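To keep things clear, I will list the structure first and then write my remarks on it.
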Amino acid sequence: MKIETKTYQKITPGTPGNLLTRYREGEDIIQYESCKVMYTPADFDMSTIREITPEEDAAYNEAKDKASQAEREGGSIVNG
């Protein structure tokens, strides 16, 4: 039997009310996700996470919804 002990870290935004995302401009907006807290392995690459405002989150979610709707209707909108 092999037992591995892993250490995790809790990541929260530095500014109360902000969110965290791994999304970068130019990526497929349909893949956009955000959260208030992330739990990651201790060796997780923190450079892949960035903090965004609620307004940025709303804009990304609106673009994601439009792209998803266009995809369902047979069209293709990339990045909003």
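Residues are named by chain letter and number: chains run A, B, ... in the order of the structure tokens, numbers start at 1 in each chain, and ligands are numbered from 1 in the order shown.
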If we count only C-alpha atoms and set the cut-off at 6 Å, which residues sit around region 45-50 of chain A, ignoring sequence neighbours fewer than 4 positions away in its own chain? Please answer as an MDAnalysis selection string. chainID A and resid 20:22
Thr53 (chain A) surroundings by only C-alpha atoms, 9 Å radius, close-in-sequence under 5 positions cut, as a list in words: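 Contacts, in chain order: Thr15, Gly17, Asn18, Leu19, Leu20 and Ala58 of chain A.
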Those residues with N, CA and C atoms, as a PDB file, in the first residue's frame please?
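Contents of again.pdb, as written:
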```pdb
ATOM      1  N   THR A  15      -8.678  41.593  -2.194  1.00  0.00           N
ATOM      2  CA  THR A  15      -9.673  42.638  -2.002  1.00  0.00           C
ATOM      3  C   THR A  15     -11.028  41.988  -1.756  1.00  0.00           C
ATOM      4  N   GLY A  17     -14.707  40.940  -1.853  1.00  0.00           N
ATOM      5  CA  GLY A  17     -15.710  41.083  -2.907  1.00  0.00           C
ATOM      6  C   GLY A  17     -15.203  40.686  -4.280  1.00  0.00           C
ATOM      7  N   ASN A  18     -13.891  40.662  -4.471  1.00  0.00           N
ATOM      8  CA  ASN A  18     -13.333  40.244  -5.752  1.00  0.00           C
ATOM      9  C   ASN A  18     -13.408  38.733  -5.903  1.00  0.00           C
ATOM     10  N   LEU A  19     -13.131  38.257  -7.100  1.00  0.00           N
ATOM     11  CA  LEU A  19     -13.172  36.823  -7.400  1.00  0.00           C
ATOM     12  C   LEU A  19     -11.842  36.382  -7.983  1.00  0.00           C
ATOM     13  N   LEU A  20     -11.683  35.073  -8.092  1.00  0.00           N
ATOM     14  CA  LEU A  20     -10.481  34.476  -8.666  1.00  0.00           C
ATOM     15  C   LEU A  20     -10.840  33.761  -9.953  1.00  0.00           C
ATOM     16  N   ALA A  58     -18.954  39.963 -14.206  1.00  0.00           N
ATOM     17  CA  ALA A  58     -20.246  40.117 -14.885  1.00  0.00           C
ATOM     18  C   ALA A  58     -20.058  40.241 -16.392  1.00  0.00           C
TER      19      ALA A  58
END
```
Pick out the residues sitting within 8 Å of Lys10 (chain A), and hand them over as a PyMOL selection string; count only C-alpha atoms, and ignore anything fewer than 5 positions along from it in its own chain. chain A and resi 37-40
With DSSP run on the backbone, what are the helix (DSSP H, G or I) residues within region 4-73 of chain A? I'd like them as a ChimeraX atom specification. /A:29-31,46-48,54-72
